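Student: Take this structure, written in structure tokens, and hold onto it; I'll ask about it next.
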Amino acid sequence: MNQDIPEGFSPHFRKSGMTDPWEPLYSRNTGDAIFLGLRAGPAHANSRGFVHGALITALADNAMGLSCGLKLEGATGLVTVGVSVDFIATARLGQWLEIRPVVLKSGRNLSFCAATVHADDTLCARANATFRALMSEKSPA
């Protein structure tokens with residue numbers, strides 16, 4: 001199985017109990033977005049040997065939320081209001097899975113983001129999400 005990690009990616013800076021079983025995860029900050037990636041292995045697959053749609057959804061949600069967070073000052077975090085994913089092709093064991101978000105609008109209350117998900121260079125899913133900002137107590141209203 002190919003273990004190469006694309007240039008610009010480093011171990012993901014944001015750890016959580018949800019994603020710990022999927023490590024190692026990688027991220028790349030483009031300045032406009034946080035791309036996430038991983039080399040698909042057995043912990044990422046369903047019984048058919050395809051990368052599980054729930055993993056793709058969770059990682060897309062993570063990457064889109066982190067990307068929206070880059071644009072907000074005074075926010076202590078973001079919570080997902082809604083997320084949708086369309087699966088276009090299968091991602092398979094050994095492939096590099098990469099989530100590429102684009103922030104569409106970042107506001108003090110709501111932010112909107114889209115992402116494409118690629119397995120190597122094949123588009124395998126697209127996602128859209130809406131997030132609500134959690135603002136610090138000291139932020140002006």
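Going by the structure tokens order, chains are called A, B, ..., each with residues numbered from 1, while ligands are numbered from 1 in the order shown.
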Please list as a short mmCIF file (atom, residue, chain, number, x, y, z; two decimals) with N, CA and C atoms, in the first residue's frame every residue within 12 Å of Leu25 (chain A), counting only C-alpha atoms and excluding residues in the same chain fewer than 6 positions away.

Tutor:
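Just written: part-v8.cif:
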data_model
loop_
_atom_site.label_atom_id
_atom_site.label_comp_id
_atom_site.auth_asym_id
_atom_site.auth_seq_id
_atom_site.Cartn_x
_atom_site.Cartn_y
_atom_site.Cartn_z
N ILE A 5 2.61 10.82 1.38
CA ILE A 5 1.74 11.92 1.78
C ILE A 5 2.07 13.10 0.87
N PHE A 9 1.26 18.72 3.29
CA PHE A 9 0.46 18.15 4.37
C PHE A 9 1.36 17.78 5.54
N SER A 10 0.85 17.98 6.75
CA SER A 10 1.55 17.57 7.97
C SER A 10 0.52 16.96 8.92
N PRO A 11 0.96 16.29 9.99
CA PRO A 11 -0.01 15.69 10.91
C PRO A 11 -1.06 16.73 11.34
N HIS A 12 -2.30 16.31 11.33
CA HIS A 12 -3.42 17.21 11.62
C HIS A 12 -3.28 17.78 13.02
N PHE A 13 -3.48 19.08 13.15
CA PHE A 13 -3.29 19.81 14.40
C PHE A 13 -4.46 19.67 15.35
N ARG A 14 -5.60 19.21 14.88
CA ARG A 14 -6.81 19.18 15.71
C ARG A 14 -7.18 17.74 16.01
N LYS A 15 -6.96 17.31 17.24
CA LYS A 15 -7.26 15.93 17.64
C LYS A 15 -8.63 15.89 18.31
N SER A 16 -9.32 14.76 18.15
CA SER A 16 -10.59 14.55 18.85
C SER A 16 -10.83 13.05 19.01
N MET A 18 -13.43 11.53 18.22
CA MET A 18 -14.13 11.05 17.03
C MET A 18 -13.14 10.58 15.96
N THR A 19 -12.08 11.37 15.75
CA THR A 19 -11.16 11.07 14.66
C THR A 19 -9.95 10.25 15.07
N PHE A 35 -7.36 22.01 4.28
CA PHE A 35 -7.56 20.74 3.56
C PHE A 35 -7.24 19.61 4.53
N LEU A 36 -8.01 18.54 4.49
CA LEU A 36 -7.73 17.34 5.28
C LEU A 36 -7.44 16.18 4.34
N GLY A 37 -6.61 15.25 4.80
CA GLY A 37 -6.30 14.09 3.99
C GLY A 37 -5.90 12.90 4.84
N LEU A 38 -6.01 11.74 4.23
CA LEU A 38 -5.55 10.50 4.85
C LEU A 38 -5.31 9.46 3.76
N ARG A 39 -4.48 8.50 4.08
CA ARG A 39 -4.26 7.35 3.20
C ARG A 39 -5.26 6.30 3.66
N ALA A 40 -6.20 5.92 2.81
CA ALA A 40 -7.29 5.02 3.19
C ALA A 40 -6.76 3.64 3.58
N GLY A 41 -7.14 3.22 4.78
CA GLY A 41 -6.74 1.92 5.29
C GLY A 41 -7.95 1.16 5.81
N HIS A 44 -10.85 2.73 7.77
CA HIS A 44 -11.67 3.70 7.06
C HIS A 44 -12.72 3.05 6.15
N LEU A 55 -17.37 8.34 7.26
CA LEU A 55 -16.04 8.91 7.45
C LEU A 55 -15.86 10.11 6.53
N LEU A 59 -15.25 13.92 7.99
CA LEU A 59 -14.04 14.67 7.66
C LEU A 59 -14.36 15.92 6.84
N ASN A 62 -15.60 18.46 9.28
CA ASN A 62 -14.46 18.96 10.04
C ASN A 62 -13.69 19.99 9.23
N ALA A 63 -13.33 19.64 8.00
CA ALA A 63 -12.53 20.54 7.15
C ALA A 63 -13.29 21.83 6.83
N TRP A 96 -5.25 8.11 -1.61
CA TRP A 96 -5.15 9.33 -0.82
C TRP A 96 -6.51 10.02 -0.90
N LEU A 97 -7.18 10.15 0.25
CA LEU A 97 -8.47 10.82 0.34
C LEU A 97 -8.21 12.26 0.79
N GLU A 98 -8.71 13.22 0.02
CA GLU A 98 -8.44 14.63 0.33
C GLU A 98 -9.70 15.45 0.24
N ILE A 99 -9.96 16.25 1.29
CA ILE A 99 -11.11 17.13 1.34
C ILE A 99 -10.61 18.54 1.08
#

Student: Taking only chain A into account, list the residues labelled strand (DSSP E or B) by DSSP (computed from the backbone), as a compact mmCIF listing (two decimals) with all heavy atoms, in the first residue's frame.

Tutor:
# COMPACT_ATOMS: atom_id res chain seq x y z
N SER A 10 0.85 17.98 6.75
CA SER A 10 1.55 17.57 7.97
C SER A 10 0.52 16.96 8.92
O SER A 10 -0.69 17.09 8.68
CB SER A 10 2.26 18.77 8.61
OG SER A 10 1.34 19.79 8.90
N PRO A 11 0.96 16.29 9.99
CA PRO A 11 -0.01 15.69 10.91
C PRO A 11 -1.06 16.73 11.34
O PRO A 11 -0.73 17.89 11.64
CB PRO A 11 0.85 15.23 12.08
CG PRO A 11 2.17 14.90 11.42
CD PRO A 11 2.34 15.99 10.38
N TYR A 26 -4.01 14.10 8.18
CA TYR A 26 -3.10 15.17 7.78
C TYR A 26 -3.91 16.40 7.38
O TYR A 26 -5.06 16.27 6.95
CB TYR A 26 -2.23 14.72 6.60
CG TYR A 26 -1.37 13.54 6.97
CD1 TYR A 26 -1.84 12.24 6.80
CD2 TYR A 26 -0.11 13.73 7.52
CE1 TYR A 26 -1.07 11.15 7.16
CE2 TYR A 26 0.67 12.63 7.87
CZ TYR A 26 0.19 11.36 7.70
OH TYR A 26 0.96 10.28 8.07
N SER A 27 -3.31 17.57 7.53
CA SER A 27 -3.97 18.80 7.11
C SER A 27 -2.97 19.72 6.44
O SER A 27 -1.75 19.59 6.61
CB SER A 27 -4.65 19.49 8.29
OG SER A 27 -3.73 19.80 9.31
N ARG A 28 -3.54 20.65 5.67
CA ARG A 28 -2.74 21.67 4.99
C ARG A 28 -3.53 22.96 5.02
O ARG A 28 -4.68 23.01 4.58
CB ARG A 28 -2.47 21.25 3.54
CG ARG A 28 -1.67 22.28 2.74
CD ARG A 28 -1.20 21.69 1.43
NE ARG A 28 -2.25 21.42 0.50
CZ ARG A 28 -2.57 22.22 -0.53
NH1 ARG A 28 -1.93 23.33 -0.76
NH2 ARG A 28 -3.55 21.87 -1.34
N ASN A 29 -2.93 24.00 5.59
CA ASN A 29 -3.57 25.31 5.66
C ASN A 29 -3.15 26.10 4.43
O ASN A 29 -1.97 26.42 4.26
CB ASN A 29 -3.15 26.03 6.94
CG ASN A 29 -3.88 27.34 7.14
OD1 ASN A 29 -4.34 27.97 6.20
ND2 ASN A 29 -3.96 27.77 8.39
N ILE A 34 -8.66 24.89 5.24
CA ILE A 34 -7.92 23.78 5.83
C ILE A 34 -8.30 22.53 5.05
O ILE A 34 -9.44 22.07 5.09
CB ILE A 34 -8.27 23.57 7.32
CG1 ILE A 34 -8.04 24.85 8.14
CG2 ILE A 34 -7.51 22.38 7.88
CD1 ILE A 34 -6.60 25.26 8.29
N PHE A 35 -7.36 22.01 4.28
CA PHE A 35 -7.56 20.74 3.56
C PHE A 35 -7.24 19.61 4.53
O PHE A 35 -6.28 19.72 5.31
CB PHE A 35 -6.63 20.64 2.36
CG PHE A 35 -6.98 21.50 1.18
CD1 PHE A 35 -7.72 22.66 1.31
CD2 PHE A 35 -6.55 21.13 -0.08
CE1 PHE A 35 -8.04 23.45 0.21
CE2 PHE A 35 -6.86 21.91 -1.18
CZ PHE A 35 -7.60 23.06 -1.04
N LEU A 36 -8.01 18.54 4.49
CA LEU A 36 -7.73 17.34 5.28
C LEU A 36 -7.44 16.18 4.34
O LEU A 36 -7.98 16.13 3.23
CB LEU A 36 -8.92 16.96 6.16
CG LEU A 36 -9.22 17.86 7.35
CD1 LEU A 36 -10.42 17.32 8.12
CD2 LEU A 36 -8.03 18.00 8.26
N GLY A 37 -6.61 15.25 4.80
CA GLY A 37 -6.30 14.09 3.99
C GLY A 37 -5.90 12.90 4.84
O GLY A 37 -5.51 13.04 5.99
N LEU A 38 -6.01 11.74 4.23
CA LEU A 38 -5.55 10.50 4.85
C LEU A 38 -5.31 9.46 3.76
O LEU A 38 -5.85 9.56 2.66
CB LEU A 38 -6.55 9.96 5.88
CG LEU A 38 -7.97 9.60 5.47
CD1 LEU A 38 -8.05 8.25 4.76
CD2 LEU A 38 -8.86 9.56 6.68
N ARG A 39 -4.48 8.50 4.08
CA ARG A 39 -4.26 7.35 3.20
C ARG A 39 -5.26 6.30 3.66
O ARG A 39 -5.23 5.86 4.81
CB ARG A 39 -2.82 6.86 3.33
CG ARG A 39 -2.45 5.70 2.45
CD ARG A 39 -2.42 5.99 0.98
NE ARG A 39 -1.49 7.05 0.61
CZ ARG A 39 -1.46 7.65 -0.56
NH1 ARG A 39 -2.32 7.28 -1.51
NH2 ARG A 39 -0.61 8.61 -0.83
N ALA A 45 -12.71 1.73 6.07
CA ALA A 45 -13.50 1.03 5.05
C ALA A 45 -14.76 0.39 5.60
O ALA A 45 -14.84 0.02 6.77
CB ALA A 45 -12.64 -0.04 4.39
N PHE A 50 -14.71 -0.23 0.54
CA PHE A 50 -14.75 1.17 0.10
C PHE A 50 -14.61 2.06 1.32
O PHE A 50 -15.06 1.68 2.42
CB PHE A 50 -16.07 1.52 -0.59
CG PHE A 50 -16.44 0.66 -1.76
CD1 PHE A 50 -17.76 0.35 -2.00
CD2 PHE A 50 -15.48 0.16 -2.63
CE1 PHE A 50 -18.12 -0.43 -3.09
CE2 PHE A 50 -15.82 -0.62 -3.72
CZ PHE A 50 -17.15 -0.92 -3.95
N VAL A 51 -14.07 3.26 1.15
CA VAL A 51 -14.04 4.22 2.26
C VAL A 51 -15.50 4.52 2.63
O VAL A 51 -16.33 4.81 1.77
CB VAL A 51 -13.28 5.50 1.87
CG1 VAL A 51 -13.37 6.54 2.98
CG2 VAL A 51 -11.81 5.17 1.57
N ALA A 75 -14.72 34.41 17.37
CA ALA A 75 -15.49 33.16 17.50
C ALA A 75 -14.71 32.18 18.35
O ALA A 75 -13.50 32.02 18.20
CB ALA A 75 -15.79 32.56 16.14
N THR A 76 -15.40 31.54 19.28
CA THR A 76 -14.77 30.50 20.10
C THR A 76 -14.95 29.13 19.48
O THR A 76 -14.37 28.17 19.93
CB THR A 76 -15.35 30.51 21.53
OG1 THR A 76 -16.76 30.28 21.45
CG2 THR A 76 -15.08 31.84 22.22
N GLY A 77 -15.76 29.05 18.44
CA GLY A 77 -15.99 27.79 17.76
C GLY A 77 -17.15 27.90 16.80
O GLY A 77 -17.79 28.95 16.70
N LEU A 78 -17.40 26.81 16.11
CA LEU A 78 -18.51 26.73 15.17
C LEU A 78 -19.25 25.42 15.43
O LEU A 78 -18.62 24.42 15.78
CB LEU A 78 -17.99 26.73 13.73
CG LEU A 78 -17.40 28.05 13.26
CD1 LEU A 78 -16.29 27.80 12.27
CD2 LEU A 78 -18.49 28.89 12.63
N VAL A 79 -20.55 25.45 15.26
CA VAL A 79 -21.34 24.22 15.33
C VAL A 79 -22.05 24.04 14.00
O VAL A 79 -22.47 25.01 13.37
CB VAL A 79 -22.34 24.21 16.50
CG1 VAL A 79 -21.62 24.18 17.84
CG2 VAL A 79 -23.27 25.41 16.45
N THR A 80 -22.19 22.81 13.60
CA THR A 80 -22.82 22.50 12.33
C THR A 80 -24.33 22.65 12.45
O THR A 80 -24.96 22.05 13.32
CB THR A 80 -22.48 21.07 11.90
OG1 THR A 80 -21.06 20.92 11.89
CG2 THR A 80 -23.05 20.75 10.53
N VAL A 81 -24.91 23.44 11.55
CA VAL A 81 -26.36 23.60 11.46
C VAL A 81 -26.91 22.56 10.49
O VAL A 81 -27.95 21.96 10.72
CB VAL A 81 -26.72 25.03 11.00
CG1 VAL A 81 -28.21 25.16 10.74
CG2 VAL A 81 -26.26 26.05 12.03
N GLY A 82 -26.21 22.36 9.39
CA GLY A 82 -26.63 21.38 8.40
C GLY A 82 -25.47 20.99 7.52
O GLY A 82 -24.56 21.79 7.28
N VAL A 83 -25.48 19.76 7.09
CA VAL A 83 -24.45 19.27 6.17
C VAL A 83 -25.11 18.30 5.19
O VAL A 83 -25.99 17.52 5.58
CB VAL A 83 -23.26 18.62 6.92
CG1 VAL A 83 -23.68 17.36 7.65
CG2 VAL A 83 -22.10 18.35 5.99
N SER A 84 -24.72 18.39 3.93
CA SER A 84 -25.20 17.43 2.93
C SER A 84 -24.01 16.94 2.11
O SER A 84 -23.06 17.69 1.88
CB SER A 84 -26.26 18.04 2.02
OG SER A 84 -25.69 19.07 1.23
N VAL A 85 -24.08 15.69 1.73
CA VAL A 85 -22.99 15.09 0.94
C VAL A 85 -23.61 14.29 -0.19
O VAL A 85 -24.57 13.54 0.01
CB VAL A 85 -22.11 14.16 1.82
CG1 VAL A 85 -21.01 13.53 0.99
CG2 VAL A 85 -21.53 14.92 3.00
N ASP A 86 -23.06 14.48 -1.37
CA ASP A 86 -23.42 13.66 -2.53
C ASP A 86 -22.22 12.80 -2.86
O ASP A 86 -21.11 13.31 -3.04
CB ASP A 86 -23.75 14.56 -3.74
CG ASP A 86 -24.96 15.43 -3.49
OD1 ASP A 86 -25.98 14.91 -3.02
OD2 ASP A 86 -24.88 16.64 -3.78
N PHE A 87 -22.43 11.50 -2.94
CA PHE A 87 -21.36 10.56 -3.26
C PHE A 87 -21.37 10.31 -4.76
O PHE A 87 -22.39 9.92 -5.33
CB PHE A 87 -21.53 9.27 -2.46
CG PHE A 87 -21.47 9.52 -0.98
CD1 PHE A 87 -22.62 9.59 -0.22
CD2 PHE A 87 -20.26 9.75 -0.35
CE1 PHE A 87 -22.58 9.85 1.14
CE2 PHE A 87 -20.19 10.03 1.01
CZ PHE A 87 -21.36 10.07 1.76
N ARG A 92 -11.22 3.94 -2.47
CA ARG A 92 -10.80 2.58 -2.13
C ARG A 92 -9.56 2.56 -1.25
O ARG A 92 -8.85 3.55 -1.15
CB ARG A 92 -10.52 1.81 -3.42
CG ARG A 92 -11.75 1.70 -4.31
CD ARG A 92 -11.43 0.97 -5.61
NE ARG A 92 -12.57 0.95 -6.49
CZ ARG A 92 -13.54 0.05 -6.44
NH1 ARG A 92 -13.51 -0.89 -5.53
NH2 ARG A 92 -14.55 0.10 -7.28
N TRP A 96 -5.25 8.11 -1.61
CA TRP A 96 -5.15 9.33 -0.82
C TRP A 96 -6.51 10.02 -0.90
O TRP A 96 -6.98 10.39 -1.98
CB TRP A 96 -4.06 10.25 -1.37
CG TRP A 96 -4.01 11.56 -0.66
CD1 TRP A 96 -4.44 12.76 -1.16
CD2 TRP A 96 -3.53 11.82 0.66
NE1 TRP A 96 -4.25 13.75 -0.23
CE2 TRP A 96 -3.69 13.21 0.91
CE3 TRP A 96 -2.99 11.02 1.66
CZ2 TRP A 96 -3.32 13.80 2.11
CZ3 TRP A 96 -2.62 11.61 2.86
CH2 TRP A 96 -2.78 12.98 3.08
N LEU A 97 -7.18 10.15 0.25
CA LEU A 97 -8.47 10.82 0.34
C LEU A 97 -8.21 12.26 0.79
O LEU A 97 -7.57 12.47 1.82
CB LEU A 97 -9.38 10.11 1.34
CG LEU A 97 -10.81 10.61 1.41
CD1 LEU A 97 -11.57 10.15 0.17
CD2 LEU A 97 -11.49 10.11 2.66
N GLU A 98 -8.71 13.22 0.02
CA GLU A 98 -8.44 14.63 0.33
C GLU A 98 -9.70 15.45 0.24
O GLU A 98 -10.44 15.37 -0.75
CB GLU A 98 -7.39 15.17 -0.65
CG GLU A 98 -6.96 16.59 -0.37
CD GLU A 98 -5.78 16.99 -1.25
OE1 GLU A 98 -4.81 16.22 -1.35
OE2 GLU A 98 -5.86 18.08 -1.85
N ILE A 99 -9.96 16.25 1.29
CA ILE A 99 -11.11 17.13 1.34
C ILE A 99 -10.61 18.54 1.08
O ILE A 99 -9.71 19.03 1.76
CB ILE A 99 -11.84 17.05 2.70
CG1 ILE A 99 -12.44 15.65 2.91
CG2 ILE A 99 -12.95 18.09 2.77
CD1 ILE A 99 -11.55 14.70 3.59
N ARG A 100 -11.23 19.21 0.08
CA ARG A 100 -10.81 20.55 -0.36
C ARG A 100 -11.97 21.53 -0.21
O ARG A 100 -12.80 21.67 -1.11
CB ARG A 100 -10.36 20.50 -1.82
CG ARG A 100 -9.23 19.52 -2.06
CD ARG A 100 -8.92 19.41 -3.54
NE ARG A 100 -7.94 18.35 -3.80
CZ ARG A 100 -7.67 17.87 -5.00
NH1 ARG A 100 -8.30 18.36 -6.06
NH2 ARG A 100 -6.78 16.91 -5.14
N PRO A 101 -12.03 22.23 0.93
CA PRO A 101 -13.13 23.17 1.16
C PRO A 101 -12.93 24.52 0.48
O PRO A 101 -11.79 24.94 0.22
CB PRO A 101 -13.14 23.37 2.68
CG PRO A 101 -12.08 22.48 3.21
CD PRO A 101 -11.22 22.04 2.11
N VAL A 102 -14.04 25.20 0.25
CA VAL A 102 -14.07 26.59 -0.21
C VAL A 102 -15.12 27.31 0.63
O VAL A 102 -16.29 26.92 0.62
CB VAL A 102 -14.44 26.68 -1.71
CG1 VAL A 102 -14.59 28.14 -2.15
CG2 VAL A 102 -13.41 25.97 -2.57
N VAL A 103 -14.69 28.34 1.36
CA VAL A 103 -15.63 29.12 2.16
C VAL A 103 -16.42 30.02 1.21
O VAL A 103 -15.84 30.79 0.45
CB VAL A 103 -14.89 29.95 3.23
CG1 VAL A 103 -15.87 30.82 4.01
CG2 VAL A 103 -14.12 29.03 4.18
N LEU A 104 -17.74 29.88 1.26
CA LEU A 104 -18.60 30.67 0.38
C LEU A 104 -18.97 32.00 1.01
O LEU A 104 -18.99 33.03 0.35
CB LEU A 104 -19.87 29.88 0.06
CG LEU A 104 -19.63 28.50 -0.58
CD1 LEU A 104 -20.94 27.74 -0.69
CD2 LEU A 104 -18.94 28.64 -1.92
N LYS A 105 -19.26 31.99 2.32
CA LYS A 105 -19.58 33.21 3.06
C LYS A 105 -19.33 32.94 4.52
O LYS A 105 -19.73 31.91 5.04
CB LYS A 105 -21.04 33.61 2.86
CG LYS A 105 -21.40 34.91 3.58
CD LYS A 105 -22.86 35.27 3.38
CE LYS A 105 -23.23 36.61 3.96
NZ LYS A 105 -22.99 36.78 5.36
N SER A 106 -18.67 33.88 5.16
CA SER A 106 -18.38 33.76 6.57
C SER A 106 -18.98 34.96 7.28
O SER A 106 -18.58 36.10 7.02
CB SER A 106 -16.86 33.70 6.78
OG SER A 106 -16.56 33.45 8.12
N LEU A 110 -23.86 33.07 10.77
CA LEU A 110 -23.82 31.87 9.94
C LEU A 110 -22.70 31.95 8.92
O LEU A 110 -22.40 33.02 8.39
CB LEU A 110 -25.16 31.67 9.21
CG LEU A 110 -26.38 31.37 10.07
CD1 LEU A 110 -27.63 31.30 9.19
CD2 LEU A 110 -26.20 30.08 10.85
N SER A 111 -22.12 30.79 8.65
CA SER A 111 -21.09 30.66 7.61
C SER A 111 -21.49 29.50 6.71
O SER A 111 -22.12 28.54 7.15
CB SER A 111 -19.72 30.40 8.23
OG SER A 111 -19.29 31.50 8.98
N PHE A 112 -21.09 29.61 5.44
CA PHE A 112 -21.45 28.61 4.43
C PHE A 112 -20.18 28.14 3.72
O PHE A 112 -19.32 28.95 3.39
CB PHE A 112 -22.43 29.21 3.41
CG PHE A 112 -23.67 29.76 4.06
CD1 PHE A 112 -23.71 31.06 4.52
CD2 PHE A 112 -24.78 28.96 4.22
CE1 PHE A 112 -24.84 31.57 5.13
CE2 PHE A 112 -25.92 29.45 4.82
CZ PHE A 112 -25.95 30.77 5.28
N CYS A 113 -20.10 26.86 3.49
CA CYS A 113 -18.91 26.28 2.88
C CYS A 113 -19.30 25.12 1.96
O CYS A 113 -20.31 24.45 2.19
CB CYS A 113 -17.97 25.77 3.99
SG CYS A 113 -16.28 25.45 3.47
N ALA A 114 -18.49 24.92 0.94
CA ALA A 114 -18.63 23.77 0.05
C ALA A 114 -17.28 23.06 0.02
O ALA A 114 -16.25 23.66 0.34
CB ALA A 114 -19.03 24.21 -1.35
N ALA A 115 -17.30 21.80 -0.34
CA ALA A 115 -16.04 21.05 -0.44
C ALA A 115 -16.18 19.97 -1.50
O ALA A 115 -17.28 19.47 -1.75
CB ALA A 115 -15.68 20.40 0.90
N THR A 116 -15.05 19.66 -2.09
CA THR A 116 -14.97 18.48 -2.94
C THR A 116 -14.07 17.48 -2.24
O THR A 116 -13.16 17.85 -1.50
CB THR A 116 -14.43 18.81 -4.35
OG1 THR A 116 -13.16 19.46 -4.23
CG2 THR A 116 -15.40 19.67 -5.12
N VAL A 117 -14.37 16.21 -2.45
CA VAL A 117 -13.60 15.12 -1.85
C VAL A 117 -13.02 14.30 -2.99
O VAL A 117 -13.76 13.89 -3.90
CB VAL A 117 -14.48 14.25 -0.93
CG1 VAL A 117 -13.66 13.16 -0.27
CG2 VAL A 117 -15.20 15.11 0.11
N HIS A 118 -11.72 14.08 -2.93
CA HIS A 118 -11.02 13.39 -4.00
C HIS A 118 -10.34 12.14 -3.47
O HIS A 118 -9.76 12.15 -2.38
CB HIS A 118 -9.97 14.31 -4.62
CG HIS A 118 -10.57 15.58 -5.15
ND1 HIS A 118 -10.86 15.76 -6.47
CD2 HIS A 118 -10.98 16.70 -4.51
CE1 HIS A 118 -11.40 16.95 -6.63
NE2 HIS A 118 -11.48 17.55 -5.45
N ALA A 119 -10.41 11.07 -4.23
CA ALA A 119 -9.68 9.83 -3.96
C ALA A 119 -8.59 9.77 -5.03
O ALA A 119 -8.90 9.58 -6.22
CB ALA A 119 -10.60 8.62 -4.03
N THR A 122 -9.48 11.45 -8.39
CA THR A 122 -10.86 11.23 -8.82
C THR A 122 -11.83 11.88 -7.85
O THR A 122 -11.76 11.65 -6.64
CB THR A 122 -11.17 9.71 -8.89
OG1 THR A 122 -10.28 9.11 -9.83
CG2 THR A 122 -12.61 9.46 -9.30
N LEU A 123 -12.71 12.71 -8.38
CA LEU A 123 -13.75 13.32 -7.55
C LEU A 123 -14.68 12.21 -7.06
O LEU A 123 -15.25 11.47 -7.86
CB LEU A 123 -14.54 14.34 -8.37
CG LEU A 123 -15.68 15.05 -7.65
CD1 LEU A 123 -15.15 15.94 -6.53
CD2 LEU A 123 -16.49 15.88 -8.64
N CYS A 124 -14.82 12.08 -5.73
CA CYS A 124 -15.68 11.01 -5.22
C CYS A 124 -16.87 11.53 -4.43
O CYS A 124 -17.82 10.79 -4.21
CB CYS A 124 -14.87 9.99 -4.42
SG CYS A 124 -14.19 10.58 -2.89
N ALA A 125 -16.84 12.80 -4.01
CA ALA A 125 -17.99 13.36 -3.28
C ALA A 125 -17.92 14.87 -3.32
O ALA A 125 -16.86 15.46 -3.55
CB ALA A 125 -18.01 12.86 -1.83
N ARG A 126 -19.08 15.47 -3.06
CA ARG A 126 -19.14 16.91 -2.86
C ARG A 126 -20.00 17.15 -1.62
O ARG A 126 -20.91 16.35 -1.32
CB ARG A 126 -19.71 17.63 -4.07
CG ARG A 126 -21.14 17.27 -4.37
CD ARG A 126 -21.67 17.98 -5.59
NE ARG A 126 -23.06 17.57 -5.78
CZ ARG A 126 -23.81 17.98 -6.75
NH1 ARG A 126 -23.33 18.83 -7.64
NH2 ARG A 126 -25.06 17.57 -6.87
N ALA A 127 -19.68 18.21 -0.90
CA ALA A 127 -20.38 18.48 0.36
C ALA A 127 -20.68 19.97 0.48
O ALA A 127 -19.98 20.81 -0.10
CB ALA A 127 -19.52 18.03 1.54
N ASN A 128 -21.73 20.27 1.22
CA ASN A 128 -22.11 21.64 1.56
C ASN A 128 -22.48 21.66 3.03
O ASN A 128 -23.07 20.70 3.54
CB ASN A 128 -23.32 22.10 0.73
CG ASN A 128 -22.98 22.25 -0.71
OD1 ASN A 128 -22.29 23.18 -1.10
ND2 ASN A 128 -23.45 21.31 -1.53
N ALA A 129 -22.14 22.76 3.70
CA ALA A 129 -22.46 22.85 5.12
C ALA A 129 -22.73 24.29 5.52
O ALA A 129 -22.23 25.24 4.91
CB ALA A 129 -21.33 22.29 5.97
N THR A 130 -23.54 24.42 6.57
CA THR A 130 -23.83 25.69 7.21
C THR A 130 -23.41 25.57 8.66
O THR A 130 -23.69 24.54 9.30
CB THR A 130 -25.34 26.03 7.12
OG1 THR A 130 -25.74 25.99 5.75
CG2 THR A 130 -25.67 27.38 7.72
N PHE A 131 -22.75 26.60 9.17
CA PHE A 131 -22.25 26.60 10.55
C PHE A 131 -22.73 27.85 11.28
O PHE A 131 -22.86 28.92 10.69
CB PHE A 131 -20.71 26.60 10.57
CG PHE A 131 -20.12 25.40 9.90
CD1 PHE A 131 -19.77 25.44 8.56
CD2 PHE A 131 -19.92 24.22 10.61
CE1 PHE A 131 -19.24 24.33 7.93
CE2 PHE A 131 -19.39 23.11 9.99
CZ PHE A 131 -19.04 23.16 8.65
N ARG A 132 -22.98 27.69 12.56
CA ARG A 132 -23.30 28.82 13.44
C ARG A 132 -22.08 29.11 14.28
O ARG A 132 -21.48 28.21 14.87
CB ARG A 132 -24.49 28.50 14.33
CG ARG A 132 -24.82 29.63 15.30
CD ARG A 132 -26.21 29.46 15.90
NE ARG A 132 -26.48 30.35 16.99
CZ ARG A 132 -26.51 31.68 16.94
NH1 ARG A 132 -26.25 32.29 15.82
NH2 ARG A 132 -26.81 32.40 18.00
N ALA A 133 -21.72 30.40 14.34
CA ALA A 133 -20.56 30.82 15.13
C ALA A 133 -20.94 30.92 16.60
O ALA A 133 -22.01 31.42 16.94
CB ALA A 133 -20.04 32.16 14.63
N LEU A 134 -20.05 30.45 17.45
CA LEU A 134 -20.16 30.65 18.89
C LEU A 134 -19.20 31.80 19.21
O LEU A 134 -17.99 31.66 19.05
CB LEU A 134 -19.75 29.39 19.65
CG LEU A 134 -20.53 28.12 19.29
CD1 LEU A 134 -19.93 26.92 20.02
CD2 LEU A 134 -21.99 28.28 19.65
N MET A 135 -19.75 32.93 19.60
CA MET A 135 -18.93 34.12 19.81
C MET A 135 -18.55 34.25 21.29
O MET A 135 -19.30 33.86 22.18
CB MET A 135 -19.70 35.37 19.37
CG MET A 135 -20.13 35.34 17.90
SD MET A 135 -18.79 35.04 16.73
CE MET A 135 -18.00 36.62 16.75

Student: Rounded to one decimal in Å, what is the spacing between CA of Gly31 (chain A) and CA of Ser67 (chain A)?

Tutor: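 Spanning CA of Gly31 (chain A) to CA of Ser67 (chain A) is a straight-line distance of 9.0 Å.
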
Student: What does the structure give for the distance between CA of Met64 (chain A) and CA of Glu7 (chain A), in Å to one decimal?

Tutor: 20.7 Å

Student: Enter the distance from CA of Thr30 (chain A) to CA of Ala60 (chain A), in Å, rounded to one decimal.

Tutor: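 The value is 15.9 Å.
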
Student: Would you list, as a PyMOL selection string, the residues of region 25-136 of chain A that end up in alpha helix (DSSP H) under DSSP run on this structure's backbone?

Tutor: chain A and resi 53-70
